[in-house]
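K.L.:
Contents of entry30.txt (compact mmCIF, C-alpha atoms) are below:
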# COMPACT_ATOMS: atom_id res chain seq x y z
CA MET A 1 0.24 8.72 4.71
CA LYS A 2 -1.62 6.67 7.30
CA ILE A 3 -0.49 6.60 10.94
CA GLY A 4 -0.65 3.50 13.11
CA ILE A 5 0.87 2.06 16.25
CA ASN A 6 3.30 -0.80 16.69
CA THR A 7 3.93 -2.52 19.99
CA PHE A 8 4.60 -5.69 21.91
CA LEU A 9 1.40 -6.95 23.50
CA THR A 10 2.33 -8.91 26.62
CA ASP A 11 0.76 -10.29 29.79
CA GLU A 12 2.16 -7.29 31.70
CA GLY A 13 0.72 -4.35 29.76
CA ILE A 14 -2.58 -3.11 28.40
CA GLY A 15 -4.85 -5.88 27.15
CA PRO A 16 -5.73 -6.46 23.48
CA LEU A 17 -9.37 -5.43 23.78
CA GLU A 18 -8.58 -2.23 25.63
CA LEU A 19 -5.80 -1.31 23.21
CA GLY A 20 -7.86 -2.01 20.11
CA ARG A 21 -10.76 0.12 21.33
CA ALA A 22 -8.43 2.94 22.41
CA LEU A 23 -6.68 3.08 19.04
CA GLU A 24 -9.88 3.16 17.02
CA GLU A 25 -11.44 5.79 19.30
CA ARG A 26 -8.37 8.02 18.80
CA GLY A 27 -8.35 7.69 15.04
CA PHE A 28 -5.26 5.56 14.50
CA GLU A 29 -5.35 3.67 11.21
CA SER A 30 -3.64 0.45 12.25
CA LEU A 31 -2.02 -1.70 14.90
CA PHE A 32 1.11 -3.73 14.13
CA LEU A 33 2.18 -6.42 16.57
CA ALA A 34 5.56 -8.07 17.04
CA GLU A 35 6.01 -11.83 17.34
CA HIS A 36 8.39 -14.20 19.12
CA SER A 37 7.51 -17.77 20.01
CA HIS A 38 10.11 -17.95 22.81
CA ILE A 39 13.60 -16.71 23.64
CA PRO A 40 16.32 -19.35 24.12
CA LEU A 41 18.39 -18.61 27.20
CA SER A 42 21.71 -19.32 25.48
CA ARG A 43 21.47 -15.78 24.01
CA GLU A 44 24.43 -16.26 21.67
CA THR A 45 22.83 -14.04 19.04
CA ALA A 46 23.37 -10.39 19.90
CA TYR A 47 20.32 -8.16 20.20
CA PRO A 48 20.47 -5.95 17.05
CA ALA A 49 19.75 -2.76 19.00
CA GLY A 50 22.57 -3.51 21.45
CA GLY A 51 22.54 -4.19 25.17
CA GLU A 52 20.25 -6.60 26.99
CA LEU A 53 17.23 -8.02 25.26
CA PRO A 54 14.15 -6.19 26.58
CA ARG A 55 11.74 -8.08 28.79
CA VAL A 56 8.87 -7.76 26.28
CA TYR A 57 10.56 -10.16 23.85
CA TYR A 58 10.06 -13.02 26.30
CA ARG A 59 6.40 -12.23 26.97
CA THR A 60 4.71 -11.49 23.62
CA LEU A 61 1.16 -12.65 23.10
CA ASP A 62 0.39 -14.63 19.96
CA PRO A 63 -0.47 -11.92 17.41
CA PHE A 64 -3.20 -13.81 15.58
CA VAL A 65 -5.07 -14.79 18.74
CA ALA A 66 -4.79 -11.21 20.00
CA PHE A 67 -5.96 -9.81 16.66
CA ALA A 68 -9.00 -12.10 16.63
CA ALA A 69 -10.05 -10.58 19.94
CA ILE A 70 -9.33 -7.05 18.72
CA ALA A 71 -11.30 -7.64 15.52
CA ALA A 72 -14.38 -8.43 17.59
CA VAL A 73 -14.38 -5.00 19.31
CA THR A 74 -13.29 -2.77 16.40
CA GLU A 75 -14.68 -1.95 12.98
CA ARG A 76 -11.99 -0.05 11.06
CA LEU A 77 -8.62 -0.73 12.69
CA VAL A 78 -6.17 -2.40 10.29
CA LEU A 79 -4.51 -5.45 11.86
CA GLY A 80 -0.89 -5.92 10.81
CA THR A 81 1.98 -8.18 11.82
CA GLY A 82 5.25 -6.39 12.28
CA VAL A 83 6.55 -8.95 11.60
CA THR A 84 5.43 -12.59 11.48
CA LEU A 85 8.49 -14.82 11.79
CA LEU A 86 7.24 -17.06 9.02
CA ILE A 87 10.37 -19.19 8.79
CA GLN A 88 9.60 -20.45 12.32
CA ARG A 89 6.00 -21.37 11.46
CA ASP A 90 4.10 -24.12 9.71
CA VAL A 91 3.22 -22.57 6.37
CA LEU A 92 -0.23 -24.12 5.93
CA HIS A 93 -1.42 -23.35 9.46
CA THR A 94 -0.23 -19.77 8.97
CA ALA A 95 -2.05 -19.45 5.64
CA LYS A 96 -5.25 -20.60 7.34
CA GLU A 97 -4.76 -18.30 10.37
CA VAL A 98 -4.28 -15.21 8.22
CA ALA A 99 -7.18 -16.07 5.91
CA THR A 100 -9.44 -16.75 8.89
CA LEU A 101 -8.47 -13.45 10.53
CA ASP A 102 -9.07 -11.60 7.27
CA ARG A 103 -12.57 -13.08 7.07
CA ILE A 104 -13.63 -12.44 10.65
CA SER A 105 -12.23 -8.89 10.54
CA GLY A 106 -13.95 -8.04 7.27
CA GLY A 107 -10.74 -7.77 5.28
CA ARG A 108 -8.55 -5.73 7.61
CA VAL A 109 -5.31 -7.76 7.62
CA VAL A 110 -1.85 -6.68 6.52
CA PHE A 111 0.63 -9.56 6.52
CA GLY A 112 4.12 -8.37 7.46
CA VAL A 113 6.78 -11.10 7.37
CA GLY A 114 10.50 -11.34 8.01
CA VAL A 115 13.38 -13.75 8.41
CA GLY A 116 14.15 -12.71 11.99
CA TRP A 117 17.47 -12.25 13.73
CA ASN A 118 17.58 -14.72 16.66
CA ARG A 119 19.42 -17.76 15.32
CA GLU A 120 18.80 -19.89 18.41
CA GLU A 121 15.07 -19.24 18.17
CA MET A 122 15.11 -20.30 14.52
CA ALA A 123 17.10 -23.44 15.27
CA ASP A 124 14.57 -24.54 17.89
CA HIS A 125 11.98 -24.55 15.09
CA GLY A 126 14.23 -26.65 12.85
CA THR A 127 15.13 -23.71 10.61
CA ASP A 128 18.66 -23.39 9.25
CA PRO A 129 19.61 -19.69 9.51
CA ARG A 130 21.80 -20.02 6.42
CA THR A 131 18.86 -20.85 4.15
CA ARG A 132 16.10 -18.86 5.83
CA GLY A 133 15.75 -16.42 2.94
CA ALA A 134 15.22 -19.17 0.37
CA LEU A 135 12.75 -20.85 2.73
CA LEU A 136 10.80 -17.59 3.11
CA ASP A 137 10.52 -17.24 -0.67
CA GLU A 138 9.01 -20.71 -0.96
CA GLN A 139 6.69 -20.19 2.01
CA LEU A 140 5.32 -16.99 0.49
CA ALA A 141 4.75 -18.76 -2.82
CA VAL A 142 2.80 -21.53 -1.08
CA ILE A 143 0.76 -19.10 1.04
CA THR A 144 -0.26 -16.84 -1.83
CA ARG A 145 -1.22 -19.82 -3.97
CA THR A 146 -3.18 -21.33 -1.07
CA TRP A 147 -5.11 -18.05 -0.78
CA THR A 148 -5.80 -17.68 -4.49
CA GLU A 149 -6.00 -21.15 -6.09
CA GLU A 150 -8.52 -23.93 -5.62
CA THR A 151 -5.93 -26.71 -6.01
CA VAL A 152 -2.30 -26.14 -5.06
CA GLU A 153 0.77 -28.19 -5.87
CA PHE A 154 4.30 -27.08 -4.98
CA HIS A 155 7.70 -28.70 -5.33
CA GLY A 156 10.64 -26.65 -4.10
CA GLU A 157 14.00 -27.14 -2.44
CA HIS A 158 12.63 -26.63 1.07
CA LEU A 159 8.89 -27.31 0.74
CA ASP A 160 7.15 -30.07 -1.14
CA PHE A 161 3.37 -30.51 -1.40
CA ALA A 162 1.36 -32.91 -3.47
CA PRO A 163 -1.91 -31.41 -4.74
CA PHE A 164 -4.12 -30.12 -1.93
CA GLN A 165 -7.06 -27.82 -1.30
CA ALA A 166 -7.56 -25.44 1.63
CA TRP A 167 -10.18 -22.96 2.71
CA PRO A 168 -11.14 -20.33 3.81
CA LYS A 169 -9.84 -17.90 1.25
CA PRO A 170 -9.22 -14.32 2.43
CA VAL A 171 -11.80 -11.58 1.91
CA GLN A 172 -9.25 -9.25 0.31
CA ARG A 173 -8.48 -9.88 -3.35
CA PRO A 174 -6.24 -11.24 -4.57
CA HIS A 175 -5.07 -11.59 -0.96
CA PRO A 176 -4.12 -9.46 2.07
CA PRO A 177 -1.27 -7.02 1.39
CA ILE A 178 2.13 -8.59 2.06
CA PHE A 179 5.09 -6.55 3.30
CA ILE A 180 8.66 -7.78 3.82
CA GLY A 181 10.30 -6.40 6.94
CA GLY A 182 14.00 -5.63 7.15
CA ALA A 183 16.80 -3.61 5.62
CA GLU A 184 18.16 -3.53 2.06
CA ALA A 185 17.99 -7.32 1.53
CA ALA A 186 14.32 -7.24 2.51
CA ALA A 187 13.69 -4.38 0.08
CA GLN A 188 15.34 -6.36 -2.69
CA ARG A 189 13.17 -9.38 -1.85
CA ALA A 190 10.05 -7.22 -1.79
CA ARG A 191 10.89 -5.76 -5.18
CA ARG A 192 11.65 -9.18 -6.67
CA LEU A 193 8.43 -10.74 -5.36
CA GLY A 194 6.21 -7.72 -5.95
CA PHE A 195 5.36 -7.07 -2.29
CA GLY A 196 5.64 -4.06 -0.01
CA TRP A 197 8.59 -3.20 2.21
CA ILE A 198 8.73 -2.48 5.97
CA PRO A 199 11.94 -0.62 6.87
CA ASN A 200 12.81 0.70 10.30
CA GLY A 201 12.44 4.44 10.59
CA VAL A 202 15.49 6.72 10.52
CA GLY A 203 16.13 9.73 12.71
CA SER A 204 16.31 12.74 10.40
CA PRO A 205 14.58 14.06 7.27
CA ALA A 206 17.84 13.96 5.33
CA ALA A 207 18.30 10.29 6.25
CA VAL A 208 14.79 9.52 4.94
CA ALA A 209 15.72 10.65 1.44
CA GLU A 210 18.91 8.61 1.53
CA GLN A 211 17.10 5.51 2.83
CA LEU A 212 14.30 5.51 0.26
CA ALA A 213 16.00 6.99 -2.80
CA PRO A 214 17.19 3.62 -4.25
CA PHE A 215 13.68 2.19 -4.09
CA ARG A 216 11.30 5.04 -4.97
CA ALA A 217 11.39 4.21 -8.67
CA SER A 218 10.53 0.56 -7.99
CA GLY A 219 6.95 1.32 -7.02
CA LEU A 220 7.29 -0.50 -3.70
CA SER A 221 4.63 0.22 -1.12
CA ILE A 222 6.60 1.35 1.93
CA ALA A 223 5.27 1.10 5.49
CA VAL A 224 7.78 2.45 8.02
CA THR A 225 7.75 0.53 11.32
CA PRO A 226 8.53 2.14 13.67
CA ALA A 227 8.93 5.77 12.70
CA PRO A 228 10.06 8.38 15.23
CA ALA A 229 7.34 10.62 16.66
CA ASP A 230 8.98 13.61 14.96
CA PRO A 231 6.82 15.73 12.63
CA ALA A 232 9.78 16.62 10.44
CA VAL A 233 10.71 12.97 9.89
CA LEU A 234 7.10 11.94 9.36
CA ASP A 235 6.65 14.75 6.84
CA ALA A 236 9.72 13.51 5.00
CA TYR A 237 8.33 9.99 4.83
CA ALA A 238 4.98 11.30 3.60
CA GLU A 239 6.70 13.36 0.91
CA ALA A 240 8.79 10.34 -0.09
CA GLY A 241 5.62 8.33 -0.73
CA ALA A 242 5.40 6.03 2.29
CA VAL A 243 1.87 4.64 2.56
CA ARG A 244 2.02 4.14 6.32
CA ALA A 245 4.15 4.98 9.34
CA THR A 246 3.64 3.40 12.74
CA LEU A 247 4.65 5.01 16.00
CA LYS A 248 6.25 2.91 18.71
CA LEU A 249 4.17 2.31 21.81
CA GLU A 250 6.03 1.00 24.85
CA THR A 251 4.38 -1.83 26.77
CA LEU A 252 2.75 -0.11 29.74
CA PRO A 253 -0.25 -0.53 32.07
CA GLU A 254 -3.58 0.61 30.68
CA ASP A 255 -3.77 4.03 32.34
CA GLU A 256 -0.26 4.99 31.25
CA THR A 257 -0.86 3.64 27.74
CA LEU A 258 -3.96 5.77 27.31
CA ARG A 259 -2.08 8.92 28.32
CA VAL A 260 0.65 8.16 25.78
CA LEU A 261 -1.91 7.47 23.07
CA ASP A 262 -3.63 10.79 23.75
CA ASP A 263 -0.36 12.56 22.98
CA LEU A 264 0.46 10.44 19.92
CA ALA A 265 -3.05 10.94 18.56
CA LYS A 266 -2.41 14.68 18.35
CA LEU A 267 0.56 13.98 16.11
CA ALA A 268 -1.36 11.42 14.05
CA ALA A 269 -4.16 13.93 13.48
CA ARG A 270 -1.77 15.98 11.31
CA TYR A 271 -2.01 13.24 8.67
CA ALA A 272 -5.71 12.38 8.94
CA GLY A 273 -7.56 12.39 5.67
As structure tokens, please, write out the structure in this file.

P.N.:
Amino acid sequence: MKIGINTFLTDEGIGPLELGRALEERGFESLFLAEHSHIPLSRETAYPAGGELPRVYYRTLDPFVAFAAIAAVTERLVLGTGVTLLIQRDVLHTAKEVATLDRISGGRVVFGVGVGWNREEMADHGTDPRTRGALLDEQLAVITRTWTEETVEFHGEHLDFAPFQAWPKPVQRPHPPIFIGGAEAAAQRARRLGFGWIPNGVGSPAAVAEQLAPFRASGLSIAVTPAPADPAVLDAYAEAGAVRATLKLETLPEDETLRVLDDLAKLAARYAG
């Protein structure tokens, strides 16, 4: 099982270049970044974790711009979105952004997507929360075909494209790995579409078995984001067949971040190789 880091990159914490270099120097396999375009101040949608919405949600850097900078100063670090809120994005621009990043990074992109939870944020992008799952299915169909076909034509309930062509194509074949983030509904979507699944980590080894048991036979690639920094839980995920677990990194100034990473790197070293 590979060990990475997931975090919110903001204008108040360590910078992208410094973080990318620090992760690669310490042997972490990957970096997964969160995404929010903005946070509507109405705040009618409750924060899923409870309480007030953390400050970092309002201040996230654009993940693809940040990853382009990180790609320029790293050689091996896998660059993953955890997750892209695709239903709030233009599908063709996103296909081009991911393909471009995959090319300039030498094929290091993992494309994590999800339907999101903030209904006001979705509505500001013209997305109906009631049909966001169906929209995501169509968007993923268009993106994968854009990456793999010379001429694309698509006619769905939510998206409609006359024949078009678009380059660049990604370096990875047939395309960058796609993972669906979320709970059981996301796992069902991943299984139906043939993609990987990104569940949130659970807190005990016994809970790991219960969480993954319904899906182990499906052959899903499972990348836990975030997983607790607990060797017993990480061992349970490794034994259950997870391909990756990312450890949560709080958004902190550079000096504090490096101290935290030094400690997390000792845990990650248990799974190296």

K.L.:
Applying 12 Å and only C-alpha atoms, which residues near Val98 of chain A remain after dropping the ones on its own chain fewer than 6 positions away? List them as a PDB file with C-alpha atoms, in the coordinates of the input.

P.N.:
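That gives us selection.pdb:
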ATOM      1  CA  PRO A  63      -0.470 -11.920  17.410  1.00  0.00           C
ATOM      2  CA  PHE A  64      -3.200 -13.810  15.580  1.00  0.00           C
ATOM      3  CA  VAL A  65      -5.070 -14.790  18.740  1.00  0.00           C
ATOM      4  CA  PHE A  67      -5.960  -9.810  16.660  1.00  0.00           C
ATOM      5  CA  ALA A  68      -9.000 -12.100  16.630  1.00  0.00           C
ATOM      6  CA  LEU A  79      -4.510  -5.450  11.860  1.00  0.00           C
ATOM      7  CA  GLY A  80      -0.890  -5.920  10.810  1.00  0.00           C
ATOM      8  CA  THR A  81       1.980  -8.180  11.820  1.00  0.00           C
ATOM      9  CA  THR A  84       5.430 -12.590  11.480  1.00  0.00           C
ATOM     10  CA  LEU A  86       7.240 -17.060   9.020  1.00  0.00           C
ATOM     11  CA  VAL A  91       3.220 -22.570   6.370  1.00  0.00           C
ATOM     12  CA  LEU A  92      -0.230 -24.120   5.930  1.00  0.00           C
ATOM     13  CA  ILE A 104     -13.630 -12.440  10.650  1.00  0.00           C
ATOM     14  CA  SER A 105     -12.230  -8.890  10.540  1.00  0.00           C
ATOM     15  CA  GLY A 107     -10.740  -7.770   5.280  1.00  0.00           C
ATOM     16  CA  ARG A 108      -8.550  -5.730   7.610  1.00  0.00           C
ATOM     17  CA  VAL A 109      -5.310  -7.760   7.620  1.00  0.00           C
ATOM     18  CA  VAL A 110      -1.850  -6.680   6.520  1.00  0.00           C
ATOM     19  CA  PHE A 111       0.630  -9.560   6.520  1.00  0.00           C
ATOM     20  CA  GLY A 112       4.120  -8.370   7.460  1.00  0.00           C
ATOM     21  CA  VAL A 113       6.780 -11.100   7.370  1.00  0.00           C
ATOM     22  CA  ILE A 143       0.760 -19.100   1.040  1.00  0.00           C
ATOM     23  CA  THR A 144      -0.260 -16.840  -1.830  1.00  0.00           C
ATOM     24  CA  THR A 146      -3.180 -21.330  -1.070  1.00  0.00           C
ATOM     25  CA  TRP A 147      -5.110 -18.050  -0.780  1.00  0.00           C
ATOM     26  CA  TRP A 167     -10.180 -22.960   2.710  1.00  0.00           C
ATOM     27  CA  PRO A 168     -11.140 -20.330   3.810  1.00  0.00           C
ATOM     28  CA  LYS A 169      -9.840 -17.900   1.250  1.00  0.00           C
ATOM     29  CA  PRO A 170      -9.220 -14.320   2.430  1.00  0.00           C
ATOM     30  CA  VAL A 171     -11.800 -11.580   1.910  1.00  0.00           C
ATOM     31  CA  GLN A 172      -9.250  -9.250   0.310  1.00  0.00           C
ATOM     32  CA  HIS A 175      -5.070 -11.590  -0.960  1.00  0.00           C
ATOM     33  CA  PRO A 176      -4.120  -9.460   2.070  1.00  0.00           C
ATOM     34  CA  PRO A 177      -1.270  -7.020   1.390  1.00  0.00           C
ATOM     35  CA  ILE A 178       2.130  -8.590   2.060  1.00  0.00           C
TER      36      ILE A 178
END

K.L.:
At a cut-off of 8 Å from (18.1, -9.6, 16.4) in the coordinates of the file, what residues are picked up using all atoms listed in the file, written as number ranges by chain?

P.N.:
A: 45-49, 116-118

K.L.:
Now that the selection is made, can you save its residues with C-alpha atoms as a CSV table (one decimal), in the coordinates of the input?

P.N.:
chain,number,residue,atom,x,y,z
A,45,THR,CA,22.8,-14.0,19.0
A,46,ALA,CA,23.4,-10.4,19.9
A,47,TYR,CA,20.3,-8.2,20.2
A,48,PRO,CA,20.5,-6.0,17.0
A,49,ALA,CA,19.8,-2.8,19.0
A,116,GLY,CA,14.2,-12.7,12.0
A,117,TRP,CA,17.5,-12.2,13.7
A,118,ASN,CA,17.6,-14.7,16.7

K.L.:
Can you list, as a list in words, every protein, DNA or RNA residue that comes within 10 Å of Ala206 of chain A when you count only C-alpha atoms, leaving out same-chain residues fewer than 3 positions away?

P.N.:
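So, after excluding close chain neighbours, the residues are Val202, Gly203, Ala209, Glu210, Gln211, Ala232, Val233 and Ala236 of chain A.
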
K.L.:
Could you take the residues named above and write them with C-alpha atoms, as a PDB file, in the frame of the given file?

P.N.:
ATOM      1  CA  VAL A 202      15.490   6.720  10.520  1.00  0.00           C
ATOM      2  CA  GLY A 203      16.130   9.730  12.710  1.00  0.00           C
ATOM      3  CA  ALA A 209      15.720  10.650   1.440  1.00  0.00           C
ATOM      4  CA  GLU A 210      18.910   8.610   1.530  1.00  0.00           C
ATOM      5  CA  GLN A 211      17.100   5.510   2.830  1.00  0.00           C
ATOM      6  CA  ALA A 232       9.780  16.620  10.440  1.00  0.00           C
ATOM      7  CA  VAL A 233      10.710  12.970   9.890  1.00  0.00           C
ATOM      8  CA  ALA A 236       9.720  13.510   5.000  1.00  0.00           C
TER       9      ALA A 236
END

K.L.:
Using only C-alpha atoms, determine which residues lie at most 8 Å from Leu61 of chain A, disregarding the query and same-chain residues fewer than 6 positions distant; provide the list as a list in words.

P.N.:
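Those residues are Phe8, Leu9, Thr10, Asp11 and Glu35 of chain A.
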
K.L.:
Between A:Ile222, A:Ala162, A:Leu258, A:Ala217, which one has atoms that come closest to Ile180 of chain A, using only C-alpha atoms?

P.N.:
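Residue with the minimum atom-to-atom distance to Ile180 of chain A: A:Ile222.
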
K.L.:
For atom CA of Tyr58 of chain A and atom CA of Gly114 of chain A, quote the distance in Å rounded to one decimal.

P.N.:
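Result for atom CA of Tyr58 of chain A versus atom CA of Gly114 of chain A: 18.4 Å, one decimal.
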
K.L.:
One decimal, Å: what's the distance from atom CA of His93 of chain A over to atom CA of Glu12 of chain A, could you say?

P.N.:
27.7 Å

K.L.:
So, with only C-alpha atoms as the atoms that count, which of A:Ala268, A:Leu31, A:Leu159, A:Leu220 lies closest to Asp137 of chain A?

P.N.:
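The answer is A:Leu159, which sits nearest to Asp137 of chain A.
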
K.L.:
Between atom CA of Glu24 of chain A and atom CA of Thr74 of chain A, what distance in Å does the model show, to one decimal?

P.N.:
6.9 Å

K.L.:
May I have the residues at most 10 Å from (8.7, -12.9, -1.1) in the file's coordinates, counting all atoms listed in the file, as a list in words?

P.N.:
Val113, Gly114, Gly133, Ala134, Leu135, Leu136, Asp137, Glu138, Gln139, Leu140, Ala141, Thr144, Ile178, Phe179, Ile180, Ala186, Ala187, Gln188, Arg189, Ala190, Arg191, Arg192, Leu193, Gly194, Phe195 and Gly196 of chain A

K.L.:
Would you mind listing what lies within 9 Å of Gln165 of chain A as number ranges by chain, with only C-alpha atoms counted and same-chain residues fewer than 2 positions away left out?

P.N.:
A: 146, 149-152, 163, 167

K.L.:
Out of A:Ser218, A:Ser42, A:Ser30, A:Asn200, which residue has the shortest atom-to-atom distance to Ala71 of chain A when counting all atoms listed in the file?

P.N.:
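Going through A:Ser218, A:Ser42, A:Ser30, A:Asn200 one by one, the smallest distance to Ala71 of chain A is for A:Ser30.
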
K.L.:
What's around segment 126-132 of chain A at 8 Å? Count only C-alpha atoms, leave out sequence neighbours fewer than 4 positions away in its own chain, and write the answer as a PDB file with C-alpha atoms, keeping the file's coordinate frame.

P.N.:
ATOM      1  CA  ILE A  87      10.370 -19.190   8.790  1.00  0.00           C
ATOM      2  CA  GLN A  88       9.600 -20.450  12.320  1.00  0.00           C
ATOM      3  CA  VAL A 115      13.380 -13.750   8.410  1.00  0.00           C
ATOM      4  CA  ARG A 119      19.420 -17.760  15.320  1.00  0.00           C
ATOM      5  CA  MET A 122      15.110 -20.300  14.520  1.00  0.00           C
ATOM      6  CA  LEU A 136      10.800 -17.590   3.110  1.00  0.00           C
TER       7      LEU A 136
END

K.L.:
From the list A:Ala123, A:Leu17, A:Ala166, A:Leu264, which residue is nearest Arg89 of chain A when using all atoms listed in the file?

P.N.:
A:Ala123

K.L.:
When you count only C-alpha atoms, which of these residues is closest to Pro231 of chain A: A:Tyr271, A:Phe215, A:Phe154, A:Trp197?

P.N.:
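That would be A:Tyr271, the residue with the smallest distance to Pro231 of chain A.
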
K.L.:
Just checking: using only C-alpha atoms, which residue out of A:Thr94, A:Met1, A:Pro226, A:Gly27 ends up closest to Leu261 of chain A?

P.N.:
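Distance minimum relative to Leu261 of chain A lands on A:Gly27.
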
K.L.:
Produce the centre coordinates and the three edge lengths, each in Å to one decimal, of the box along x, y and z that contains all listed atoms of segment 213-226 of chain A with 6 Å added on each side, as AutoDock Vina command-line options.

P.N.:
--center_x 10.9 --center_y 3.2 --center_z 2.5 --size_x 24.6 --size_y 19.5 --size_z 34.3
